[in-house]
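Okay, structure17.cif now, which holds mmCIF, C-alpha atoms:
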data_data
#
loop_
_atom_site.group_PDB
_atom_site.id
_atom_site.type_symbol
_atom_site.label_atom_id
_atom_site.label_comp_id
_atom_site.auth_asym_id
_atom_site.auth_seq_id
_atom_site.Cartn_x
_atom_site.Cartn_y
_atom_site.Cartn_z
ATOM 1 C CA MET A 99 145.306 55.130 87.392
ATOM 2 C CA VAL A 100 143.866 55.293 83.878
ATOM 3 C CA LEU A 101 140.323 56.704 83.728
ATOM 4 C CA VAL A 102 138.411 56.082 80.498
ATOM 5 C CA TYR A 103 135.052 57.483 79.363
ATOM 6 C CA VAL A 104 134.166 56.437 75.786
ATOM 7 C CA ASN A 105 137.036 58.016 73.791
ATOM 8 C CA ASN A 106 138.260 60.339 76.552
ATOM 9 C CA MET A 107 141.081 59.341 78.876
ATOM 10 C CA LEU A 108 142.819 60.636 81.991
ATOM 11 C CA ILE A 109 146.112 59.299 83.322
ATOM 12 C CA ILE A 110 146.868 60.272 86.911
ATOM 13 C CA GLY A 111 149.533 59.288 89.426
ATOM 14 C CA ASP A 112 152.299 60.528 91.705
ATOM 15 C CA SER A 113 155.137 59.422 89.382
ATOM 16 C CA LEU A 114 155.720 61.547 86.270
ATOM 17 C CA SER A 115 158.033 58.946 84.723
ATOM 18 C CA LEU A 116 155.389 56.222 85.110
ATOM 19 C CA ILE A 117 152.760 58.495 83.527
ATOM 20 C CA GLU A 118 155.037 59.154 80.533
ATOM 21 C CA GLU A 119 155.745 55.427 80.208
ATOM 22 C CA THR A 120 152.012 54.662 80.234
ATOM 23 C CA LYS A 121 151.320 57.267 77.540
ATOM 24 C CA SER A 122 154.141 55.885 75.393
ATOM 25 C CA THR A 123 152.788 52.348 75.695
ATOM 26 C CA LEU A 124 149.283 53.464 74.733
ATOM 27 C CA GLN A 125 150.553 55.483 71.754
ATOM 28 C CA HIS A 126 152.203 52.360 70.340
ATOM 29 C CA ALA A 127 148.939 50.412 70.555
ATOM 30 C CA PHE A 128 146.368 53.133 69.729
ATOM 31 C CA LYS A 129 146.129 56.393 67.842
ATOM 32 C CA ILE A 130 145.768 58.933 70.656
ATOM 33 C CA LYS A 131 146.311 62.661 71.076
ATOM 34 C CA ASP A 132 148.117 63.988 74.143
ATOM 35 C CA LEU A 133 146.454 67.226 75.288
ATOM 36 C CA GLY A 134 148.951 67.802 78.094
ATOM 37 C CA GLU A 135 148.060 68.925 81.602
ATOM 38 C CA LEU A 136 144.417 68.480 82.570
ATOM 39 C CA LYS A 137 142.384 71.659 82.044
ATOM 40 C CA TYR A 138 139.034 70.560 80.585
ATOM 41 C CA PHE A 139 137.323 67.178 80.692
ATOM 42 C CA LEU A 140 133.705 66.261 79.890
ATOM 43 C CA GLY A 141 132.433 69.776 80.506
ATOM 44 C CA ILE A 142 134.403 70.174 83.753
ATOM 45 C CA GLU A 143 137.166 72.752 84.041
ATOM 46 C CA PHE A 144 140.225 72.431 86.295
ATOM 47 C CA VAL A 145 142.165 75.394 87.662
ATOM 48 C CA ARG A 146 145.308 74.942 89.756
ATOM 49 C CA SER A 147 146.551 77.220 92.530
ATOM 50 C CA LYS A 148 148.493 76.998 95.791
ATOM 51 C CA GLN A 149 145.250 76.164 97.593
ATOM 52 C CA GLY A 150 144.585 73.127 95.387
ATOM 53 C CA ILE A 151 142.597 72.259 92.259
ATOM 54 C CA LEU A 152 139.274 73.983 91.596
ATOM 55 C CA MET A 153 136.712 71.946 89.657
ATOM 56 C CA HIS A 154 133.982 74.050 88.069
ATOM 57 C CA GLN A 155 131.619 74.119 85.061
ATOM 58 C CA ARG A 156 131.609 77.812 84.202
ATOM 59 C CA LYS A 157 131.649 77.293 80.426
ATOM 60 C CA TYR A 158 128.896 74.681 80.659
ATOM 61 C CA ALA A 159 126.774 76.936 82.882
ATOM 62 C CA LEU A 160 127.164 80.009 80.661
ATOM 63 C CA GLU A 161 126.221 77.998 77.563
ATOM 64 C CA LEU A 162 123.093 76.781 79.356
ATOM 65 C CA ILE A 163 122.155 80.340 80.387
ATOM 66 C CA LEU A 164 122.551 81.652 76.823
ATOM 67 C CA LYS A 165 120.680 78.712 75.308
ATOM 68 C CA LEU A 166 117.699 79.435 77.559
ATOM 69 C CA GLY A 167 117.773 83.127 76.630
ATOM 70 C CA LEU A 168 118.560 84.270 80.160
ATOM 71 C CA GLY A 169 121.668 86.275 79.323
ATOM 72 C CA ILE A 170 120.192 89.633 80.364
ATOM 73 C CA SER A 171 117.971 88.329 83.154
ATOM 74 C CA LYS A 172 118.620 89.204 86.782
ATOM 75 C CA PRO A 173 120.363 86.424 88.771
ATOM 76 C CA SER A 174 118.590 84.792 91.686
ATOM 77 C CA VAL A 175 120.075 84.683 95.193
ATOM 78 C CA THR A 176 118.282 81.429 96.088
ATOM 79 C CA PRO A 177 117.811 78.281 93.969
ATOM 80 C CA LEU A 178 114.136 77.781 94.804
ATOM 81 C CA ASP A 179 111.242 79.819 96.153
ATOM 82 C CA THR A 180 110.241 78.420 99.540
ATOM 83 C CA ASN A 181 106.629 79.373 98.853
ATOM 84 C CA ALA A 182 106.479 77.536 95.517
ATOM 85 C CA LYS A 183 103.810 74.840 95.407
ATOM 86 C CA LEU A 184 105.196 72.024 93.256
ATOM 87 C CA THR A 185 102.496 69.390 92.909
ATOM 88 C CA THR A 186 101.577 66.446 90.680
ATOM 89 C CA ASN A 187 98.548 66.195 88.403
ATOM 90 C CA GLU A 188 96.938 63.759 90.831
ATOM 91 C CA TYR A 189 97.151 66.360 93.563
ATOM 92 C CA ASP A 190 95.620 68.951 91.253
ATOM 93 C CA GLU A 191 92.688 66.666 90.521
ATOM 94 C CA HIS A 192 92.060 66.540 94.250
ATOM 95 C CA CYS A 193 92.233 70.344 94.368
ATOM 96 C CA LYS A 194 89.636 70.536 91.612
ATOM 97 C CA SER A 195 87.281 68.343 93.594
ATOM 98 C CA VAL A 196 87.413 70.713 96.545
ATOM 99 C CA GLY A 197 87.135 73.895 94.512
ATOM 100 C CA TYR A 198 90.736 74.872 93.682
ATOM 101 C CA SER A 199 91.964 75.345 90.117
ATOM 102 C CA ALA A 200 94.715 73.187 88.653
ATOM 103 C CA VAL A 201 98.039 74.604 87.428
ATOM 104 C CA GLU A 202 98.447 74.733 83.645
ATOM 105 C CA PRO A 203 100.332 71.691 82.234
ATOM 106 C CA LEU A 204 103.502 72.246 80.212
ATOM 107 C CA ALA A 205 103.080 72.019 76.439
ATOM 108 C CA ASN A 206 106.642 70.896 75.625
ATOM 109 C CA ILE A 207 107.521 68.085 78.023
ATOM 110 C CA ASN A 208 110.844 67.326 76.306
ATOM 111 C CA SER A 209 112.208 70.805 77.020
ATOM 112 C CA TYR A 210 111.666 70.282 80.738
ATOM 113 C CA GLN A 211 113.231 66.826 80.687
ATOM 114 C CA ARG A 212 116.303 68.106 78.841
ATOM 115 C CA LEU A 213 116.719 70.997 81.268
ATOM 116 C CA ILE A 214 116.549 68.702 84.299
ATOM 117 C CA GLY A 215 119.154 66.454 82.680
ATOM 118 C CA LYS A 216 121.489 69.425 82.210
ATOM 119 C CA LEU A 217 120.942 70.532 85.809
ATOM 120 C CA LEU A 218 121.683 67.011 87.042
ATOM 121 C CA TYR A 219 125.020 67.144 85.229
ATOM 122 C CA LEU A 220 125.698 70.546 86.770
ATOM 123 C CA THR A 221 125.388 69.032 90.266
ATOM 124 C CA ILE A 222 128.790 67.396 89.672
ATOM 125 C CA THR A 223 130.406 70.621 90.871
ATOM 126 C CA ARG A 224 127.375 72.398 92.386
ATOM 127 C CA PRO A 225 126.116 70.276 95.319
ATOM 128 C CA ALA A 226 124.125 73.265 96.621
ATOM 129 C CA ILE A 227 121.468 72.725 93.938
ATOM 130 C CA SER A 228 121.258 68.939 94.385
ATOM 131 C CA PHE A 229 118.257 69.000 96.725
ATOM 132 C CA ASN A 230 116.236 71.305 94.466
ATOM 133 C CA VAL A 231 117.051 69.309 91.325
ATOM 134 C CA GLN A 232 116.061 66.134 93.171
ATOM 135 C CA ILE A 233 112.663 67.679 93.916
ATOM 136 C CA LEU A 234 112.066 68.753 90.316
ATOM 137 C CA SER A 235 113.183 65.358 88.971
ATOM 138 C CA GLN A 236 110.000 63.850 90.406
ATOM 139 C CA PHE A 237 107.863 65.617 87.784
ATOM 140 C CA LEU A 238 109.557 64.418 84.583
ATOM 141 C CA GLN A 239 106.548 62.478 83.304
ATOM 142 C CA GLN A 240 103.901 65.197 83.646
ATOM 143 C CA PRO A 241 105.593 68.558 84.217
ATOM 144 C CA LYS A 242 103.673 71.808 84.564
ATOM 145 C CA ARG A 243 104.515 75.436 83.944
ATOM 146 C CA SER A 244 105.304 75.926 87.639
ATOM 147 C CA HIS A 245 107.923 73.157 87.444
ATOM 148 C CA MET A 246 109.569 74.780 84.416
ATOM 149 C CA GLU A 247 109.630 78.157 86.144
ATOM 150 C CA ALA A 248 111.256 76.587 89.210
ATOM 151 C CA SER A 249 113.893 74.938 87.002
ATOM 152 C CA MET A 250 114.646 78.255 85.305
ATOM 153 C CA ARG A 251 115.078 79.842 88.744
ATOM 154 C CA ILE A 252 117.833 77.298 89.511
ATOM 155 C CA VAL A 253 119.594 78.356 86.315
ATOM 156 C CA MET A 254 119.312 81.982 87.411
ATOM 157 C CA TYR A 255 120.826 81.015 90.762
ATOM 158 C CA VAL A 256 123.755 79.401 88.952
ATOM 159 C CA LYS A 257 124.116 82.595 86.895
ATOM 160 C CA ASN A 258 124.811 84.496 90.127
ATOM 161 C CA GLN A 259 128.210 82.741 90.347
ATOM 162 C CA PRO A 260 128.744 80.530 87.266
ATOM 163 C CA GLY A 261 132.362 79.796 88.185
ATOM 164 C CA ARG A 262 131.601 78.378 91.619
ATOM 165 C CA GLY A 263 132.821 74.817 92.082
ATOM 166 C CA ILE A 264 134.572 72.352 94.362
ATOM 167 C CA LEU A 265 138.085 72.930 95.697
ATOM 168 C CA LEU A 266 140.242 69.833 96.057
ATOM 169 C CA SER A 267 142.547 71.110 98.759
ATOM 170 C CA SER A 268 146.333 70.749 98.521
ATOM 171 C CA THR A 269 146.628 70.234 102.279
ATOM 172 C CA ASN A 270 147.514 66.666 103.194
ATOM 173 C CA LYS A 271 144.887 65.585 105.735
ATOM 174 C CA ASN A 272 143.897 61.931 105.473
ATOM 175 C CA ILE A 273 140.958 62.352 107.820
ATOM 176 C CA THR A 274 137.499 61.311 106.675
ATOM 177 C CA THR A 275 134.585 63.459 107.861
ATOM 178 C CA THR A 276 130.960 62.541 107.211
ATOM 179 C CA TYR A 277 127.827 64.625 107.616
ATOM 180 C CA TYR A 278 124.310 63.295 107.261
ATOM 181 C CA ASP A 279 120.762 64.474 107.689
ATOM 182 C CA ALA A 280 117.280 62.998 107.453
ATOM 183 C CA GLU A 281 114.022 64.878 107.141
ATOM 184 C CA TRP A 282 111.002 62.922 108.218
ATOM 185 C CA ALA A 283 108.035 63.238 105.813
ATOM 186 C CA ALA A 284 110.022 65.763 103.773
ATOM 187 C CA CYS A 285 108.135 65.062 100.541
ATOM 188 C CA PRO A 286 104.883 67.078 100.762
ATOM 189 C CA LEU A 287 103.113 64.756 98.312
ATOM 190 C CA SER A 288 104.061 61.267 99.476
ATOM 191 C CA ARG A 289 105.266 62.124 103.024
ATOM 192 C CA LYS A 290 108.308 59.948 102.414
ATOM 193 C CA LEU A 291 111.707 60.346 104.051
ATOM 194 C CA VAL A 292 114.476 62.303 102.290
ATOM 195 C CA THR A 293 118.037 61.483 103.364
ATOM 196 C CA GLY A 294 121.270 63.214 102.472
ATOM 197 C CA TYR A 295 124.951 62.999 103.268
ATOM 198 C CA LEU A 296 128.345 64.305 102.240
ATOM 199 C CA ILE A 297 131.841 62.898 102.705
ATOM 200 C CA LYS A 298 135.032 64.922 102.992
ATOM 201 C CA ILE A 299 138.627 63.720 102.889
ATOM 202 C CA GLY A 300 140.634 66.369 104.682
ATOM 203 C CA ASP A 301 139.262 69.692 103.439
ATOM 204 C CA SER A 302 138.062 68.262 100.116
ATOM 205 C CA LEU A 303 134.456 67.344 99.361
ATOM 206 C CA VAL A 304 134.526 64.008 97.516
ATOM 207 C CA ALA A 305 130.978 62.603 97.660
ATOM 208 C CA TRP A 306 127.401 63.612 98.401
ATOM 209 C CA LYS A 307 123.956 62.160 97.833
ATOM 210 C CA LEU A 308 120.287 63.025 98.254
ATOM 211 C CA LYS A 309 117.570 60.394 97.994
ATOM 212 C CA LYS A 310 113.884 60.014 98.691
ATOM 213 C CA GLN A 311 113.351 56.669 100.405
ATOM 214 C CA ILE A 312 110.753 54.155 99.270
ATOM 215 C CA THR A 313 108.975 53.616 102.585
ATOM 216 C CA VAL A 314 107.518 55.986 105.157
ATOM 217 C CA PRO A 315 109.253 55.724 108.576
ATOM 218 C CA GLY A 316 107.120 55.520 111.676
ATOM 219 C CA SER A 317 109.005 58.234 113.573
ATOM 220 C CA SER A 318 111.730 60.845 113.275
ATOM 221 C CA ALA A 319 114.087 58.545 115.253
ATOM 222 C CA GLU A 320 113.593 55.779 112.688
ATOM 223 C CA ALA A 321 114.315 58.314 109.941
ATOM 224 C CA GLU A 322 117.658 59.186 111.548
ATOM 225 C CA TYR A 323 118.667 55.525 111.895
ATOM 226 C CA ARG A 324 117.820 54.856 108.264
ATOM 227 C CA SER A 325 119.959 57.779 107.195
ATOM 228 C CA ILE A 326 122.903 56.471 109.234
ATOM 229 C CA ARG A 327 122.480 53.001 107.743
ATOM 230 C CA ALA A 328 122.524 54.399 104.194
ATOM 231 C CA ILE A 329 125.704 56.399 104.651
ATOM 232 C CA ILE A 330 127.533 53.513 106.365
ATOM 233 C CA ALA A 331 126.665 51.207 103.467
ATOM 234 C CA ASP A 332 127.915 53.706 100.859
ATOM 235 C CA SER A 333 131.013 54.543 102.911
ATOM 236 C CA PHE A 334 132.332 51.005 102.459
ATOM 237 C CA GLY A 335 132.420 51.579 98.702
ATOM 238 C CA TYR A 336 134.475 54.760 99.062
ATOM 239 C CA LYS A 337 136.714 53.012 101.580
ATOM 240 C CA ASP A 338 137.496 50.263 99.059
ATOM 241 C CA LEU A 339 138.247 52.866 96.378
ATOM 242 C CA CYS A 340 140.668 54.696 98.675
ATOM 243 C CA LYS A 341 142.319 51.382 99.493
ATOM 244 C CA LYS A 342 142.943 50.754 95.789
ATOM 245 C CA LEU A 343 144.430 54.237 95.535
ATOM 246 C CA GLU A 344 146.653 53.400 98.519
ATOM 247 C CA LEU A 345 145.238 56.211 100.637
ATOM 248 C CA LYS A 346 145.489 55.665 104.373
ATOM 249 C CA LEU A 347 142.453 57.254 105.969
ATOM 250 C CA THR A 348 141.463 57.738 109.588
#
Please go through the file and, once you have read it, give me the structure as structure tokens.
Amino acid sequence: MVLVYVNNMLIIGDSLSLIEETKSTLQHAFKIKDLGELKYFLGIEFVRSKQGILMHQRKYALELILKLGLGISKPSVTPLDTNAKLTTNEYDEHCKSVGYSAVEPLANINSYQRLIGKLLYLTITRPAISFNVQILSQFLQQPKRSHMEASMRIVMYVKNQPGRGILLSSTNKNITTTYYDAEWAACPLSRKLVTGYLIKIGDSLVAWKLKKQITVPGSSAEAEYRSIRAIIADSFGYKDLCKKLELKLT
């Protein structure tokens, strides 16, 4: 398999001779540089051990922490404060009408949007922050100071263990395990359903997703069925990919 992203390339396979032959063929057609065994790719670091391959973004996370000026700040043990009230401007206008004061809007919107983009990229190896980043992504158009503070708290949570990542286990277990969950009316503003799932092959986490659905289900049972339907539909895509990779799954 040859994986290409712009001018970056990975060649993977279970035959070293075939990999060398592929590299030789490409070198005759293009000017390329062989960097050897995979260690760093698109901000993701790879560390090998007897347990498997650890994917993490420690360098990327530390650069983000320093860029935000949080190098000497105390790390957070949780990614988001459960008591934080993250609301939209429309909700604040309603609060004004009933006597509550609105939260101050953020002066630099672009800084918030860039930070959310960086956190989204960090979810590649940090699925634990996916739900919180998904929540904060809803306020990209009109962010407030409370949204920025919540985003910075996620960065401080990452600072607690910047080298944490995903272990692709070396154990050979071709068993697919799927977990899913659905929270009825999980969004406090729109009361819409939020569904999530993760897929493991053996002991390795290979896919996960969190999404706020468009419609509002009529009951918690309907919410569960919708979540099951979503994961079954996406599972067919991963099944086809594994088939192309000649992986026999159960």
Legend entry - atom CA of A:Asn230 to atom CA of A:Lys309, straight-line distance in Å: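 Pair atom CA of A:Lys309 / atom CA of A:Asn230 returns 11.5 Å.
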Legend entry - Top pick for closest residue to A:Glu161, considering A:Leu140, A:Met99, A:Val253, A:His245 and counting only C-alpha atoms: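 The answer is A:Val253, which sits nearest to A:Glu161.
If you measure from each of A:Ser325, A:Thr123, A:Thr269, A:Asn208 to A:Gln239 using all atoms listed in the file, the closest one turns out to be A:Asn208.
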Inset, instruction - Give me the result of the PyMOL selection byres ((chain A and resi 302) around 10) on this file, residue by residue, as a ChimeraX atom specification. - result: /A:150-151,264-269,271,274-275,297-301,303-305
Inset, instruction - Pick out the residues sitting within 7 Å of A:Tyr295, and hand them over as a VMD selection string; count only C-alpha atoms, and ignore anything fewer than 4 positions along from it in its own chain. - result: chain A and resid 277 to 279 306 to 308 329
Inset, instruction - With a distance cut-off of 10 Å and all atoms listed in the file, select the neighbouring residues of A:Val231, excluding the residue or stretch itself and same-chain residues fewer than 4 positions from it, and output the selection as a PyMOL selection string. - result: chain A and resi 177-178+214-215+217-218+220-221+225-227+235-236+248-249+252+308
Inset, instruction - I would like the residues chosen by the PyMOL selection byres ((chain A and resi 156) around 10) on the shown file; could you give them as a list in words? - result: Gly141, Ile142, Glu143, Met153, His154, Gln155, Lys157, Tyr158, Ala159, Leu160, Glu161, Leu162, Leu220, Thr223, Val256, Lys257, Gln259, Pro260, Gly261, Arg262 and Gly263 of chain A
Inset, instruction - Using all atoms listed in the file, collect all residues at a distance of at most 8 Å from (145.4, 63.2, 81.6) as written in the file, then present them as a PyMOL selection string. - result: chain A and resi 107-110+132-136
Inset, instruction - Report the distance between atom CA of A:Met254 and atom CA of A:Pro173 in Å, rounded to one decimal place. - result: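 Between these atoms lies a distance of 4.8 Å.
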Inset, instruction - Using atom CA of A:Lys121 and atom CA of A:Asn106 as the two end points, give the distance in Å to one decimal. - result: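 These two atoms are separated by 13.5 Å.
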Inset, instruction - Go through A:Ala331, A:Val104, A:Ile207, A:Ile163 one by one, measure the shortest atom-to-atom distance of each to A:Met250 using all atoms listed in the file, and give the residue with the smallest value. - result: A:Ile163
Legend entry - Picked residues, the PyMOL selection byres ((chain A and resi 246) around 9), as a list in words: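 Listing what the PyMOL selection byres ((chain A and resi 246) around 9) selects in the shown file: Leu204, Ser209, Tyr210, Leu213, Leu234, Pro241, Lys242, Arg243, Ser244, His245, Glu247, Ala248, Ser249, Met250 and Arg251 of chain A.
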Inset, instruction - Would you list the contacts of A:Val292 as a ChimeraX atom specification, taking every protein, DNA or RNA residue within 6 Å and counting all atoms listed in the file, but skipping same-chain residues closer than 3 positions in sequence? - result: /A:280-281,284,309-310
Legend entry - Nearest residue to A:Arg212 from the set A:Glu320, A:Glu119, A:Val100, A:Leu238 (distances using only C-alpha atoms): A:Leu238
Legend entry - Contact residues around A:Ala319 with all atoms listed in the file at 12 Å, ignoring same-chain residues under 2 positions, as a ChimeraX atom specification: /A:279-282,291,315-317,321-326
Based on the selection just made, write C-alpha atoms of those residues as a PDB file, keeping the file's coordinate frame.
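Printed below is out27.pdb as written:
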ATOM      1  CA  ASP A 279     120.762  64.474 107.689  1.00  0.00           C
ATOM      2  CA  ALA A 280     117.280  62.998 107.453  1.00  0.00           C
ATOM      3  CA  GLU A 281     114.022  64.878 107.141  1.00  0.00           C
ATOM      4  CA  TRP A 282     111.002  62.922 108.218  1.00  0.00           C
ATOM      5  CA  LEU A 291     111.707  60.346 104.051  1.00  0.00           C
ATOM      6  CA  PRO A 315     109.253  55.724 108.576  1.00  0.00           C
ATOM      7  CA  GLY A 316     107.120  55.520 111.676  1.00  0.00           C
ATOM      8  CA  SER A 317     109.005  58.234 113.573  1.00  0.00           C
ATOM      9  CA  ALA A 321     114.315  58.314 109.941  1.00  0.00           C
ATOM     10  CA  GLU A 322     117.658  59.186 111.548  1.00  0.00           C
ATOM     11  CA  TYR A 323     118.667  55.525 111.895  1.00  0.00           C
ATOM     12  CA  ARG A 324     117.820  54.856 108.264  1.00  0.00           C
ATOM     13  CA  SER A 325     119.959  57.779 107.195  1.00  0.00           C
ATOM     14  CA  ILE A 326     122.903  56.471 109.234  1.00  0.00           C
TER      15      ILE A 326
END
Legend entry - Selected residue, from A:Arg224, A:Leu296, A:Ser318, A:Asn105, that lies nearest to A:Tyr336 when counting only C-alpha atoms: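 Of all the options, A:Leu296 lies closest to A:Tyr336.
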Where atoms are lacking, stretch 261-273 of chain A completed to N, CA, C and O atoms, as a CSV table (one decimal), in the frame of the given file:
chain,number,residue,atom,x,y,z
A,261,GLY,N,131.1,80.4,88.0
A,261,GLY,CA,132.4,79.8,88.2
A,261,GLY,C,132.5,79.1,89.5
A,261,GLY,O,133.6,78.6,89.8
A,262,ARG,N,131.5,79.1,90.3
A,262,ARG,CA,131.6,78.4,91.6
A,262,ARG,C,131.8,76.9,91.4
A,262,ARG,O,131.2,76.3,90.5
A,263,GLY,N,132.6,76.3,92.2
A,263,GLY,CA,132.8,74.8,92.1
A,263,GLY,C,133.3,74.2,93.4
A,263,GLY,O,133.0,74.7,94.5
A,264,ILE,N,134.1,73.1,93.2
A,264,ILE,CA,134.6,72.4,94.4
A,264,ILE,C,136.1,72.5,94.4
A,264,ILE,O,136.8,72.2,93.4
A,265,LEU,N,136.6,72.8,95.5
A,265,LEU,CA,138.1,72.9,95.7
A,265,LEU,C,138.6,71.6,96.3
A,265,LEU,O,138.2,71.2,97.4
A,266,LEU,N,139.5,71.0,95.5
A,266,LEU,CA,140.2,69.8,96.1
A,266,LEU,C,141.5,70.4,96.7
A,266,LEU,O,142.5,70.7,96.0
A,267,SER,N,141.5,70.4,98.0
A,267,SER,CA,142.5,71.1,98.8
A,267,SER,C,143.9,70.4,98.6
A,267,SER,O,144.0,69.2,98.5
A,268,SER,N,145.0,71.3,98.6
A,268,SER,CA,146.3,70.7,98.5
A,268,SER,C,146.9,70.3,99.9
A,268,SER,O,148.0,69.7,99.9
A,269,THR,N,146.2,70.6,101.0
A,269,THR,CA,146.6,70.2,102.3
A,269,THR,C,146.5,68.7,102.4
A,269,THR,O,145.5,68.1,102.0
A,270,ASN,N,147.5,68.1,103.0
A,270,ASN,CA,147.5,66.7,103.2
A,270,ASN,C,146.9,66.3,104.5
A,270,ASN,O,147.6,66.2,105.6
A,271,LYS,N,145.6,66.0,104.5
A,271,LYS,CA,144.9,65.6,105.7
A,271,LYS,C,144.1,64.3,105.4
A,271,LYS,O,143.1,64.4,104.7
A,272,ASN,N,144.6,63.2,105.8
A,272,ASN,CA,143.9,61.9,105.5
A,272,ASN,C,142.9,61.6,106.5
A,272,ASN,O,142.9,60.5,107.1
A,273,ILE,N,142.0,62.5,106.8
A,273,ILE,CA,141.0,62.4,107.8
A,273,ILE,C,139.6,62.4,107.1
A,273,ILE,O,139.3,63.3,106.4
